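Report on one structure; see the data block that follows.
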Amino acid sequence: MFSMSGRRALGLVALLPILAGLLLPADPVVADERPTIGLALSGGGARGAAHIGVLKVIEELGIRVDYVAGTSMGAVVGGLYAMGLSPTEIEAAIEEIDWAAIFQDEPPRAERRMRRKLDDRTFLIKARPGVDERERRVNLVPALIQGHRLDLALRRYTLPARQVEDFDALPIPFRAVATDVVTGEAVILDNGDLATAIRASMAVPAAFAPVELDDRLLVDGGLAMNLPISVVRAMGADIVIAVDVGGPRRDRSEINNVLQMLDQVSSLVTWRNTQEEIATLTERDVLIVPPLERRVQSADFTRMLEAIAIGEQGASAKHTELAAVSRATAVSFATADPSPLDRSAPIIDRVRIENRSRLDDRLIAERLDVPPGEPLDTQALEAQLDRIIDQDNFQTVHYRVSDAPDGETELVVTATEKSWGTSSLQAGMELSSASGGNSWFNVGLAYTMAPVNPLNAEWRTLLTGGEEPGLLTEFYQPLDPRERWYLEAGAGYVTESLTLFDPSESDRPSAKYLLTRIGGSLEFGRNLGDWGRLGLRYGRYAGDADLRSGDPGFAGYNFDAGELTLSFQLDTLDNPSFPRNGWFGSAFALTSRRALGASDDFDQAGFGLLHSRGWGRNSLLTGLSFAGNVGGDPVPQSLFRLGGFVNLSGFNQLELAGANMGLARTLYLRELGTGFIRTYAGASLETGNVWAERSDIGFDSLRVGGSLFVGADTPIGPLYLGYGQADGGYDAIYLFLGRPWNTPTGGRTYR
């Protein structure tokens, strides 16, 4: 038995650990004993940049985030943060992205192939329903934007996570929220390809194409769960920091048009499910609502840096609550940081192509230049993929980097054909009217069959009606996979209105003809990269000049055309109708000979050059053109013409005609910043004339004109309304729709 003194001694020994706990520092707690933090980031378009500002404040307070879930733009910011990017790095990425270019599928116009640039000179609108020849039906596109350039940007920034398939293996476990468009249910993406998951989360219905994943059709997660609080709670978060950047609801007085109504409806959809999530928050959680109000709208991608600052402001307003979270989660020892991802560019050993189209693999392979054994240059690769999708047959062209079974690193490029059909229909309309009475109206419908063969040949047929009815069919055949060389054959029935004016009586036409040509042409040429084209064309037509009205001495006549034309085209403009930067030019040399089938022998040559330079919202354009007869006697149907909008404004359309023509002009454009449809105000100053003989050309015979106008880049083509005035008291009011002003109207169809 123990004595009383022995028992007391044992009691003291038992109390020692308790006393030590009171008097000495506590043992370090294990990481599992501290509350875990979950970050829930909502969708909100450009407003989502405010998340970055919130992250800055969270990191300044030393709050360590354990889980992240995001919807739409919240998935973008949350995914990058989960990869280990700092808020400053994410801000730099947001600032680096060209958001105007990201929301379009085609490459910047200056980098498009010449075949597509030449299409811009027609009056056909860009919208093209697809035609599926196998099922013989017309299909609308599934969305306005297929997301090609968005996918490239997401893939570029998530490249360090290329080997991560389980999102729990990221430095911070992550979830992206999407919506199953069939069931309407929220889909929580926790594995797979990170870029694809983020892309699915932000696929706004009708605006962006949905993403097919595991037999589900996924769209923007905001439809089902815009603020994923319950998601981070399910991941294991004890405390949730929720950031809501959803758009505000409008008051009754603010709903006055269809766009405002649509915005309100979309806000209500996300608002309701957001309120359901907010209702689950506890006293320990923190809700941050940055005061964006109407200062930054969901489509204001040019104001994202402002949204970041507002996010900081909103988080700072919750400093007391966030500081409490920081204290509650503080630990007395330095916890190990998660293993960072390797951000170095992968070394590519080989390239593999997955061609899911009817085009030859060489069309893809010869547009790729990825040196084996070198680090991947994502910027160069994106430019190469742009050239592939510019073939106009692909719905998506994307890449991934993976480890092959033999241990080598493989770049896999996947090109998928358009699901709605590679052939297409296009409609068009052009309207021109001047106060002097010279006007025309044409409508058109074109069917393009493509690809006709594996080298991406196209067969287009255009039917026009109105002032200039006609039927034209052309076949374009690239002769090599890179489309360096081409053949183009055309045939048809085309008409052209020709109105001749007496300059001394410009308000009354001297004669009106309808020129009709039936025949065809064959052109062989060389495409000079994406900036120019050199072609040699032979054209053979039977023509008729039908006199519709005219003074005594004018009469109808027949003619034959047999012409050989060497032409050069230059086009690096960023916009064909309202350019800000680039060059536009052409030059030609034409010979008409009886030996070629013509009625008359004559030679012509000419050139034109236009340069545009932009700064801010302003653009300054300068141009010079000259063309003339260099041999033989000119015939009426071959005369060069001037007059009309910015082509000696003040005169009626093409009322000045002569064997020689010269024009110099300067235009100023100012973008008005109206948003949905870009509108412009402008002014022009022009000088030039037409001359019967080259000996008549001189400064003393130049005419001067100028104009003031407004314009809009509408979905159905450029629209211009202007007033022009020329020396001698001539003036005119102009209305144009459908065709760029820098496209010649005389003789445009058959040459």
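For the structure tokens, the naming scheme is as follows: chains receive sequential letters (A, B, ...) according to their order of presentation, residues are indexed from 1 within each chain, and ligands are indexed from 1 in presentation order.
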Would you list the contacts of Gly662 (chain A) as a PyMOL selection string, taking every protein, DNA or RNA residue within 10 Å and counting only C-alpha atoms, but skipping same-chain residues closer than 2 positions in sequence? chain A and resi 606-608+624-628+640-642+660+664+687-691+697+702
Just the residues within 10 Å of region 417-428 of chain A, please, counting only C-alpha atoms, with nothing from its chain fewer than 4 positions along; format it as a count of residues only. 56
Expressed in Å to a single decimal, how great is the separation between CA of Asn527 (chain A) and CA of Gln104 (chain A)?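 Computing it gives 24.8 Å between the two atoms.
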As a check of understanding: the span from CA of Pro108 (chain A) to CA of Pro160 (chain A) is 27.0 Å
Point-to-point distance in Å for CA of Ser267 (chain A) and CA of His51 (chain A): 18.7 Å
Residue neighbourhood Asp731 (chain A), 6 Å, only C-alpha atoms, exclusion window fewer than 5 positions, as a PDB file with C-alpha atoms, in the first residue's frame:
```pdb
ATOM      1  CA  GLY A 650     -21.229  66.718-103.920  1.00  0.00           C
ATOM      2  CA  GLY A 724     -21.430  66.310 -99.632  1.00  0.00           C
ATOM      3  CA  GLN A 725     -20.497  69.486-101.437  1.00  0.00           C
TER       4      GLN A 725
END
```
List every residue of region 388-634 of chain A that DSSP, applied to the backbone of this structure, places in strand (DSSP E or B), and write the result as a PyMOL selection string. chain A and resi 394-403+409-417+423-434+439-449+458-466+470-478+485-501+509-528+532-550+557-571+582-592+602-615+618-632
Could you pull out the alpha helix (DSSP H) residues of region 230-383 of chain A from DSSP and send them as a PDB file with N, CA, C and O atoms, in the first residue's frame?
```pdb
ATOM      1  N   SER A 230     -22.730  26.472 -51.136  1.00  0.00           N
ATOM      2  CA  SER A 230     -22.915  25.083 -50.710  1.00  0.00           C
ATOM      3  C   SER A 230     -21.821  24.171 -51.257  1.00  0.00           C
ATOM      4  O   SER A 230     -21.535  23.124 -50.674  1.00  0.00           O
ATOM      5  N   VAL A 231     -21.202  24.561 -52.366  1.00  0.00           N
ATOM      6  CA  VAL A 231     -20.156  23.738 -52.960  1.00  0.00           C
ATOM      7  C   VAL A 231     -18.911  23.723 -52.074  1.00  0.00           C
ATOM      8  O   VAL A 231     -18.353  22.660 -51.773  1.00  0.00           O
ATOM      9  N   VAL A 232     -18.448  24.913 -51.662  1.00  0.00           N
ATOM     10  CA  VAL A 232     -17.257  24.941 -50.798  1.00  0.00           C
ATOM     11  C   VAL A 232     -17.573  24.363 -49.426  1.00  0.00           C
ATOM     12  O   VAL A 232     -16.700  23.785 -48.761  1.00  0.00           O
ATOM     13  N   ARG A 233     -18.839  24.469 -48.991  1.00  0.00           N
ATOM     14  CA  ARG A 233     -19.215  23.853 -47.725  1.00  0.00           C
ATOM     15  C   ARG A 233     -19.083  22.334 -47.840  1.00  0.00           C
ATOM     16  O   ARG A 233     -18.557  21.663 -46.935  1.00  0.00           O
ATOM     17  N   ALA A 234     -19.541  21.780 -48.959  1.00  0.00           N
ATOM     18  CA  ALA A 234     -19.439  20.335 -49.167  1.00  0.00           C
ATOM     19  C   ALA A 234     -17.988  19.886 -49.316  1.00  0.00           C
ATOM     20  O   ALA A 234     -17.650  18.738 -49.009  1.00  0.00           O
ATOM     21  N   MET A 235     -17.117  20.771 -49.785  1.00  0.00           N
ATOM     22  CA  MET A 235     -15.708  20.433 -49.917  1.00  0.00           C
ATOM     23  C   MET A 235     -15.032  20.305 -48.557  1.00  0.00           C
ATOM     24  O   MET A 235     -13.951  19.722 -48.446  1.00  0.00           O
ATOM     25  N   VAL A 258     -36.068  46.586 -75.114  1.00  0.00           N
ATOM     26  CA  VAL A 258     -35.896  45.137 -75.128  1.00  0.00           C
ATOM     27  C   VAL A 258     -34.575  44.717 -74.480  1.00  0.00           C
ATOM     28  O   VAL A 258     -34.509  43.691 -73.792  1.00  0.00           O
ATOM     29  N   LEU A 259     -33.504  45.486 -74.682  1.00  0.00           N
ATOM     30  CA  LEU A 259     -32.218  45.126 -74.088  1.00  0.00           C
ATOM     31  C   LEU A 259     -32.275  45.220 -72.565  1.00  0.00           C
ATOM     32  O   LEU A 259     -31.738  44.361 -71.860  1.00  0.00           O
ATOM     33  N   GLN A 260     -32.918  46.263 -72.049  1.00  0.00           N
ATOM     34  CA  GLN A 260     -33.057  46.404 -70.609  1.00  0.00           C
ATOM     35  C   GLN A 260     -33.937  45.298 -70.034  1.00  0.00           C
ATOM     36  O   GLN A 260     -33.685  44.796 -68.936  1.00  0.00           O
ATOM     37  N   MET A 261     -34.959  44.885 -70.791  1.00  0.00           N
ATOM     38  CA  MET A 261     -35.820  43.807 -70.339  1.00  0.00           C
ATOM     39  C   MET A 261     -35.048  42.490 -70.262  1.00  0.00           C
ATOM     40  O   MET A 261     -35.153  41.734 -69.289  1.00  0.00           O
ATOM     41  N   LEU A 262     -34.245  42.187 -71.309  1.00  0.00           N
ATOM     42  CA  LEU A 262     -33.451  40.962 -71.303  1.00  0.00           C
ATOM     43  C   LEU A 262     -32.442  40.964 -70.161  1.00  0.00           C
ATOM     44  O   LEU A 262     -32.209  39.937 -69.517  1.00  0.00           O
ATOM     45  N   ASP A 263     -31.831  42.113 -69.906  1.00  0.00           N
ATOM     46  CA  ASP A 263     -30.868  42.225 -68.814  1.00  0.00           C
ATOM     47  C   ASP A 263     -31.553  41.973 -67.472  1.00  0.00           C
ATOM     48  O   ASP A 263     -31.002  41.300 -66.594  1.00  0.00           O
ATOM     49  N   GLN A 264     -32.768  42.497 -67.318  1.00  0.00           N
ATOM     50  CA  GLN A 264     -33.503  42.291 -66.077  1.00  0.00           C
ATOM     51  C   GLN A 264     -33.860  40.820 -65.876  1.00  0.00           C
ATOM     52  O   GLN A 264     -33.725  40.275 -64.776  1.00  0.00           O
ATOM     53  N   VAL A 265     -34.309  40.163 -66.950  1.00  0.00           N
ATOM     54  CA  VAL A 265     -34.684  38.754 -66.845  1.00  0.00           C
ATOM     55  C   VAL A 265     -33.483  37.903 -66.441  1.00  0.00           C
ATOM     56  O   VAL A 265     -33.574  37.034 -65.570  1.00  0.00           O
ATOM     57  N   SER A 266     -32.335  38.144 -67.078  1.00  0.00           N
ATOM     58  CA  SER A 266     -31.138  37.366 -66.737  1.00  0.00           C
ATOM     59  C   SER A 266     -30.691  37.643 -65.304  1.00  0.00           C
ATOM     60  O   SER A 266     -30.234  36.733 -64.598  1.00  0.00           O
ATOM     61  N   SER A 267     -30.837  38.878 -64.850  1.00  0.00           N
ATOM     62  CA  SER A 267     -30.469  39.214 -63.471  1.00  0.00           C
ATOM     63  C   SER A 267     -31.381  38.504 -62.476  1.00  0.00           C
ATOM     64  O   SER A 267     -30.932  38.030 -61.423  1.00  0.00           O
ATOM     65  N   LEU A 268     -32.683  38.402 -62.806  1.00  0.00           N
ATOM     66  CA  LEU A 268     -33.619  37.732 -61.910  1.00  0.00           C
ATOM     67  C   LEU A 268     -33.296  36.256 -61.762  1.00  0.00           C
ATOM     68  O   LEU A 268     -33.403  35.685 -60.671  1.00  0.00           O
ATOM     69  N   VAL A 269     -32.877  35.614 -62.874  1.00  0.00           N
ATOM     70  CA  VAL A 269     -32.560  34.193 -62.831  1.00  0.00           C
ATOM     71  C   VAL A 269     -31.418  33.935 -61.851  1.00  0.00           C
ATOM     72  O   VAL A 269     -31.502  33.054 -60.982  1.00  0.00           O
ATOM     73  N   THR A 270     -30.342  34.689 -61.980  1.00  0.00           N
ATOM     74  CA  THR A 270     -29.195  34.476 -61.095  1.00  0.00           C
ATOM     75  C   THR A 270     -29.470  34.994 -59.687  1.00  0.00           C
ATOM     76  O   THR A 270     -28.968  34.447 -58.708  1.00  0.00           O
ATOM     77  N   TRP A 271     -30.275  36.053 -59.567  1.00  0.00           N
ATOM     78  CA  TRP A 271     -30.546  36.644 -58.255  1.00  0.00           C
ATOM     79  C   TRP A 271     -31.266  35.662 -57.350  1.00  0.00           C
ATOM     80  O   TRP A 271     -30.927  35.514 -56.166  1.00  0.00           O
ATOM     81  N   ARG A 272     -32.231  34.953 -57.892  1.00  0.00           N
ATOM     82  CA  ARG A 272     -33.023  34.042 -57.067  1.00  0.00           C
ATOM     83  C   ARG A 272     -32.164  32.906 -56.512  1.00  0.00           C
ATOM     84  O   ARG A 272     -32.225  32.596 -55.311  1.00  0.00           O
ATOM     85  N   ASN A 273     -31.364  32.256 -57.369  1.00  0.00           N
ATOM     86  CA  ASN A 273     -30.560  31.153 -56.829  1.00  0.00           C
ATOM     87  C   ASN A 273     -29.434  31.675 -55.940  1.00  0.00           C
ATOM     88  O   ASN A 273     -28.964  30.958 -55.046  1.00  0.00           O
ATOM     89  N   THR A 274     -28.998  32.918 -56.160  1.00  0.00           N
ATOM     90  CA  THR A 274     -27.988  33.510 -55.279  1.00  0.00           C
ATOM     91  C   THR A 274     -28.554  33.728 -53.885  1.00  0.00           C
ATOM     92  O   THR A 274     -27.883  33.456 -52.871  1.00  0.00           O
ATOM     93  N   GLN A 275     -29.781  34.217 -53.803  1.00  0.00           N
ATOM     94  CA  GLN A 275     -30.400  34.451 -52.495  1.00  0.00           C
ATOM     95  C   GLN A 275     -30.588  33.136 -51.734  1.00  0.00           C
ATOM     96  O   GLN A 275     -30.452  33.092 -50.498  1.00  0.00           O
ATOM     97  N   GLU A 276     -30.880  32.062 -52.461  1.00  0.00           N
ATOM     98  CA  GLU A 276     -31.009  30.759 -51.806  1.00  0.00           C
ATOM     99  C   GLU A 276     -29.684  30.325 -51.184  1.00  0.00           C
ATOM    100  O   GLU A 276     -29.663  29.748 -50.079  1.00  0.00           O
ATOM    101  N   GLU A 277     -28.583  30.589 -51.868  1.00  0.00           N
ATOM    102  CA  GLU A 277     -27.273  30.242 -51.322  1.00  0.00           C
ATOM    103  C   GLU A 277     -26.900  31.145 -50.155  1.00  0.00           C
ATOM    104  O   GLU A 277     -26.368  30.685 -49.139  1.00  0.00           O
ATOM    105  N   ILE A 278     -27.180  32.427 -50.270  1.00  0.00           N
ATOM    106  CA  ILE A 278     -26.844  33.372 -49.198  1.00  0.00           C
ATOM    107  C   ILE A 278     -27.588  33.008 -47.915  1.00  0.00           C
ATOM    108  O   ILE A 278     -27.068  33.181 -46.802  1.00  0.00           O
ATOM    109  N   MET A 304     -12.451  46.548 -66.425  1.00  0.00           N
ATOM    110  CA  MET A 304     -12.200  45.515 -65.425  1.00  0.00           C
ATOM    111  C   MET A 304     -11.207  45.970 -64.354  1.00  0.00           C
ATOM    112  O   MET A 304     -11.300  45.542 -63.200  1.00  0.00           O
ATOM    113  N   LEU A 305     -10.270  46.830 -64.723  1.00  0.00           N
ATOM    114  CA  LEU A 305      -9.335  47.334 -63.716  1.00  0.00           C
ATOM    115  C   LEU A 305     -10.080  48.189 -62.688  1.00  0.00           C
ATOM    116  O   LEU A 305      -9.742  48.177 -61.492  1.00  0.00           O
ATOM    117  N   GLU A 306     -11.088  48.910 -63.145  1.00  0.00           N
ATOM    118  CA  GLU A 306     -11.917  49.679 -62.219  1.00  0.00           C
ATOM    119  C   GLU A 306     -12.680  48.738 -61.290  1.00  0.00           C
ATOM    120  O   GLU A 306     -12.839  49.013 -60.093  1.00  0.00           O
ATOM    121  N   ALA A 307     -13.152  47.623 -61.832  1.00  0.00           N
ATOM    122  CA  ALA A 307     -13.862  46.638 -61.011  1.00  0.00           C
ATOM    123  C   ALA A 307     -12.951  46.048 -59.942  1.00  0.00           C
ATOM    124  O   ALA A 307     -13.398  45.761 -58.826  1.00  0.00           O
ATOM    125  N   ILE A 308     -11.669  45.847 -60.265  1.00  0.00           N
ATOM    126  CA  ILE A 308     -10.717  45.313 -59.279  1.00  0.00           C
ATOM    127  C   ILE A 308     -10.611  46.261 -58.088  1.00  0.00           C
ATOM    128  O   ILE A 308     -10.642  45.830 -56.925  1.00  0.00           O
ATOM    129  N   ALA A 309     -10.491  47.551 -58.388  1.00  0.00           N
ATOM    130  CA  ALA A 309     -10.399  48.544 -57.302  1.00  0.00           C
ATOM    131  C   ALA A 309     -11.668  48.552 -56.456  1.00  0.00           C
ATOM    132  O   ALA A 309     -11.609  48.684 -55.222  1.00  0.00           O
ATOM    133  N   ILE A 310     -12.826  48.390 -57.078  1.00  0.00           N
ATOM    134  CA  ILE A 310     -14.086  48.357 -56.334  1.00  0.00           C
ATOM    135  C   ILE A 310     -14.150  47.097 -55.472  1.00  0.00           C
ATOM    136  O   ILE A 310     -14.696  47.109 -54.362  1.00  0.00           O
ATOM    137  N   GLY A 311     -13.577  45.997 -55.977  1.00  0.00           N
ATOM    138  CA  GLY A 311     -13.511  44.785 -55.171  1.00  0.00           C
ATOM    139  C   GLY A 311     -12.697  44.978 -53.911  1.00  0.00           C
ATOM    140  O   GLY A 311     -13.077  44.499 -52.826  1.00  0.00           O
ATOM    141  N   GLU A 312     -11.572  45.667 -54.027  1.00  0.00           N
ATOM    142  CA  GLU A 312     -10.773  45.990 -52.835  1.00  0.00           C
ATOM    143  C   GLU A 312     -11.579  46.824 -51.860  1.00  0.00           C
ATOM    144  O   GLU A 312     -11.538  46.611 -50.641  1.00  0.00           O
ATOM    145  N   GLN A 313     -12.309  47.783 -52.409  1.00  0.00           N
ATOM    146  CA  GLN A 313     -13.132  48.652 -51.563  1.00  0.00           C
ATOM    147  C   GLN A 313     -14.184  47.833 -50.816  1.00  0.00           C
ATOM    148  O   GLN A 313     -14.414  48.035 -49.614  1.00  0.00           O
ATOM    149  N   GLY A 314     -14.838  46.901 -51.525  1.00  0.00           N
ATOM    150  CA  GLY A 314     -15.864  46.082 -50.886  1.00  0.00           C
ATOM    151  C   GLY A 314     -15.300  45.182 -49.809  1.00  0.00           C
ATOM    152  O   GLY A 314     -15.924  44.979 -48.758  1.00  0.00           O
ATOM    153  N   ALA A 315     -14.117  44.606 -50.046  1.00  0.00           N
ATOM    154  CA  ALA A 315     -13.499  43.743 -49.039  1.00  0.00           C
ATOM    155  C   ALA A 315     -13.025  44.548 -47.836  1.00  0.00           C
ATOM    156  O   ALA A 315     -13.131  44.093 -46.689  1.00  0.00           O
ATOM    157  N   SER A 316     -12.506  45.741 -48.083  1.00  0.00           N
ATOM    158  CA  SER A 316     -12.044  46.596 -46.981  1.00  0.00           C
ATOM    159  C   SER A 316     -13.197  46.986 -46.065  1.00  0.00           C
ATOM    160  O   SER A 316     -13.015  47.170 -44.853  1.00  0.00           O
ATOM    161  N   HIS A 319     -13.556  44.621 -43.231  1.00  0.00           N
ATOM    162  CA  HIS A 319     -12.260  44.379 -42.595  1.00  0.00           C
ATOM    163  C   HIS A 319     -12.416  43.725 -41.227  1.00  0.00           C
ATOM    164  O   HIS A 319     -11.676  42.790 -40.876  1.00  0.00           O
ATOM    165  N   THR A 320     -13.386  44.183 -40.437  1.00  0.00           N
ATOM    166  CA  THR A 320     -13.557  43.639 -39.084  1.00  0.00           C
ATOM    167  C   THR A 320     -13.883  42.152 -39.131  1.00  0.00           C
ATOM    168  O   THR A 320     -13.289  41.336 -38.407  1.00  0.00           O
ATOM    169  N   GLU A 321     -14.836  41.772 -39.993  1.00  0.00           N
ATOM    170  CA  GLU A 321     -15.220  40.367 -40.097  1.00  0.00           C
ATOM    171  C   GLU A 321     -14.080  39.519 -40.650  1.00  0.00           C
ATOM    172  O   GLU A 321     -13.823  38.403 -40.167  1.00  0.00           O
ATOM    173  N   LEU A 322     -13.359  40.036 -41.661  1.00  0.00           N
ATOM    174  CA  LEU A 322     -12.253  39.282 -42.231  1.00  0.00           C
ATOM    175  C   LEU A 322     -11.097  39.148 -41.243  1.00  0.00           C
ATOM    176  O   LEU A 322     -10.427  38.109 -41.190  1.00  0.00           O
ATOM    177  N   ALA A 323     -10.869  40.191 -40.457  1.00  0.00           N
ATOM    178  CA  ALA A 323      -9.810  40.121 -39.447  1.00  0.00           C
ATOM    179  C   ALA A 323     -10.137  39.055 -38.405  1.00  0.00           C
ATOM    180  O   ALA A 323      -9.247  38.348 -37.912  1.00  0.00           O
ATOM    181  N   ALA A 324     -11.425  38.917 -38.079  1.00  0.00           N
ATOM    182  CA  ALA A 324     -11.834  37.885 -37.128  1.00  0.00           C
ATOM    183  C   ALA A 324     -11.580  36.499 -37.703  1.00  0.00           C
ATOM    184  O   ALA A 324     -11.153  35.578 -36.987  1.00  0.00           O
ATOM    185  N   VAL A 325     -11.828  36.335 -38.991  1.00  0.00           N
ATOM    186  CA  VAL A 325     -11.525  35.062 -39.644  1.00  0.00           C
ATOM    187  C   VAL A 325     -10.030  34.794 -39.607  1.00  0.00           C
ATOM    188  O   VAL A 325      -9.585  33.673 -39.347  1.00  0.00           O
ATOM    189  N   SER A 326      -9.254  35.834 -39.838  1.00  0.00           N
ATOM    190  CA  SER A 326      -7.801  35.686 -39.820  1.00  0.00           C
ATOM    191  C   SER A 326      -7.316  35.230 -38.453  1.00  0.00           C
ATOM    192  O   SER A 326      -6.469  34.336 -38.342  1.00  0.00           O
ATOM    193  N   ARG A 327      -7.881  35.809 -37.367  1.00  0.00           N
ATOM    194  CA  ARG A 327      -7.470  35.416 -36.015  1.00  0.00           C
ATOM    195  C   ARG A 327      -7.925  33.993 -35.696  1.00  0.00           C
ATOM    196  O   ARG A 327      -7.198  33.218 -35.089  1.00  0.00           O
ATOM    197  N   ALA A 328      -9.136  33.660 -36.145  1.00  0.00           N
ATOM    198  CA  ALA A 328      -9.683  32.341 -35.829  1.00  0.00           C
ATOM    199  C   ALA A 328      -8.920  31.220 -36.506  1.00  0.00           C
ATOM    200  O   ALA A 328      -8.884  30.089 -36.013  1.00  0.00           O
ATOM    201  N   ASP A 361      -5.183  16.310 -93.958  1.00  0.00           N
ATOM    202  CA  ASP A 361      -4.366  16.555 -92.764  1.00  0.00           C
ATOM    203  C   ASP A 361      -3.274  17.591 -93.025  1.00  0.00           C
ATOM    204  O   ASP A 361      -2.854  18.311 -92.111  1.00  0.00           O
ATOM    205  N   ARG A 362      -2.824  17.683 -94.273  1.00  0.00           N
ATOM    206  CA  ARG A 362      -1.730  18.608 -94.582  1.00  0.00           C
ATOM    207  C   ARG A 362      -2.151  20.066 -94.422  1.00  0.00           C
ATOM    208  O   ARG A 362      -1.307  20.934 -94.159  1.00  0.00           O
ATOM    209  N   LEU A 363      -3.448  20.361 -94.580  1.00  0.00           N
ATOM    210  CA  LEU A 363      -3.911  21.733 -94.366  1.00  0.00           C
ATOM    211  C   LEU A 363      -3.686  22.181 -92.930  1.00  0.00           C
ATOM    212  O   LEU A 363      -3.474  23.363 -92.659  1.00  0.00           O
ATOM    213  N   ILE A 364      -3.719  21.217 -92.019  1.00  0.00           N
ATOM    214  CA  ILE A 364      -3.450  21.517 -90.615  1.00  0.00           C
ATOM    215  C   ILE A 364      -1.958  21.456 -90.340  1.00  0.00           C
ATOM    216  O   ILE A 364      -1.380  22.380 -89.757  1.00  0.00           O
ATOM    217  N   ALA A 365      -1.327  20.380 -90.798  1.00  0.00           N
ATOM    218  CA  ALA A 365       0.089  20.159 -90.483  1.00  0.00           C
ATOM    219  C   ALA A 365       0.979  21.269 -91.019  1.00  0.00           C
ATOM    220  O   ALA A 365       1.914  21.710 -90.342  1.00  0.00           O
ATOM    221  N   THR A 378       3.448  29.495 -76.722  1.00  0.00           N
ATOM    222  CA  THR A 378       1.989  29.517 -76.827  1.00  0.00           C
ATOM    223  C   THR A 378       1.499  30.639 -77.731  1.00  0.00           C
ATOM    224  O   THR A 378       0.501  30.477 -78.441  1.00  0.00           O
ATOM    225  N   GLN A 379       2.183  31.774 -77.713  1.00  0.00           N
ATOM    226  CA  GLN A 379       1.755  32.885 -78.559  1.00  0.00           C
ATOM    227  C   GLN A 379       1.877  32.518 -80.037  1.00  0.00           C
ATOM    228  O   GLN A 379       0.966  32.771 -80.834  1.00  0.00           O
ATOM    229  N   ALA A 380       2.992  31.899 -80.423  1.00  0.00           N
ATOM    230  CA  ALA A 380       3.169  31.478 -81.809  1.00  0.00           C
ATOM    231  C   ALA A 380       2.179  30.381 -82.171  1.00  0.00           C
ATOM    232  O   ALA A 380       1.623  30.368 -83.278  1.00  0.00           O
ATOM    233  N   LEU A 381       1.941  29.456 -81.238  1.00  0.00           N
ATOM    234  CA  LEU A 381       0.999  28.367 -81.509  1.00  0.00           C
ATOM    235  C   LEU A 381      -0.407  28.903 -81.729  1.00  0.00           C
ATOM    236  O   LEU A 381      -1.130  28.446 -82.630  1.00  0.00           O
ATOM    237  N   GLU A 382      -0.825  29.881 -80.932  1.00  0.00           N
ATOM    238  CA  GLU A 382      -2.165  30.445 -81.090  1.00  0.00           C
ATOM    239  C   GLU A 382      -2.332  31.091 -82.457  1.00  0.00           C
ATOM    240  O   GLU A 382      -3.396  30.978 -83.085  1.00  0.00           O
ATOM    241  N   ALA A 383      -1.301  31.776 -82.935  1.00  0.00           N
ATOM    242  CA  ALA A 383      -1.369  32.374 -84.270  1.00  0.00           C
ATOM    243  C   ALA A 383      -1.500  31.296 -85.338  1.00  0.00           C
ATOM    244  O   ALA A 383      -2.220  31.462 -86.332  1.00  0.00           O
TER     245      ALA A 383
END
```
Would you list the contacts of Thr183 (chain A) as an mmCIF file with C-alpha atoms, in the first residue's frame, taking every protein, DNA or RNA residue within 12 Å and counting only C-alpha atoms, but skipping same-chain residues closer than 3 positions in sequence?
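Contents of around_15.cif, freshly written:
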```cif
data_model
loop_
_atom_site.group_PDB
_atom_site.id
_atom_site.type_symbol
_atom_site.label_atom_id
_atom_site.label_comp_id
_atom_site.auth_asym_id
_atom_site.auth_seq_id
_atom_site.Cartn_x
_atom_site.Cartn_y
_atom_site.Cartn_z
ATOM 1 C CA ALA A 178 -21.830 24.691 -64.801
ATOM 2 C CA THR A 179 -25.468 24.030 -65.709
ATOM 3 C CA ASP A 180 -26.847 20.998 -67.532
ATOM 4 C CA ALA A 186 -26.032 22.467 -61.384
ATOM 5 C CA VAL A 187 -23.037 20.369 -62.421
ATOM 6 C CA ARG A 216 -23.864 16.373 -70.872
ATOM 7 C CA LEU A 217 -24.417 19.683 -72.628
ATOM 8 C CA LEU A 218 -23.106 22.341 -70.259
ATOM 9 C CA VAL A 219 -23.712 26.090 -70.160
ATOM 10 C CA LEU A 223 -28.411 29.627 -64.362
ATOM 11 C CA ALA A 224 -28.373 27.021 -61.600
#
```
If we count only C-alpha atoms, what is near region 533-544 of chain A at a cut-off of 6 Å, once residues fewer than 4 positions away on the same chain are taken out, given as a PyMOL selection string? chain A and resi 515-528+558-569
Need to verify the contact set: Ala404 (chain A), 12 Å, only C-alpha atoms, exclusion of same-chain residues closer than 5 positions in sequence. Can you return it as a ChimeraX atom specification? /A:163,348-352,409-412
Please list as a PyMOL selection string every residue within 10 Å of Thr36 (chain A), counting only C-alpha atoms and excluding residues in the same chain fewer than 4 positions away. chain A and resi 31-32+64-67+233+236-240+325+328-329
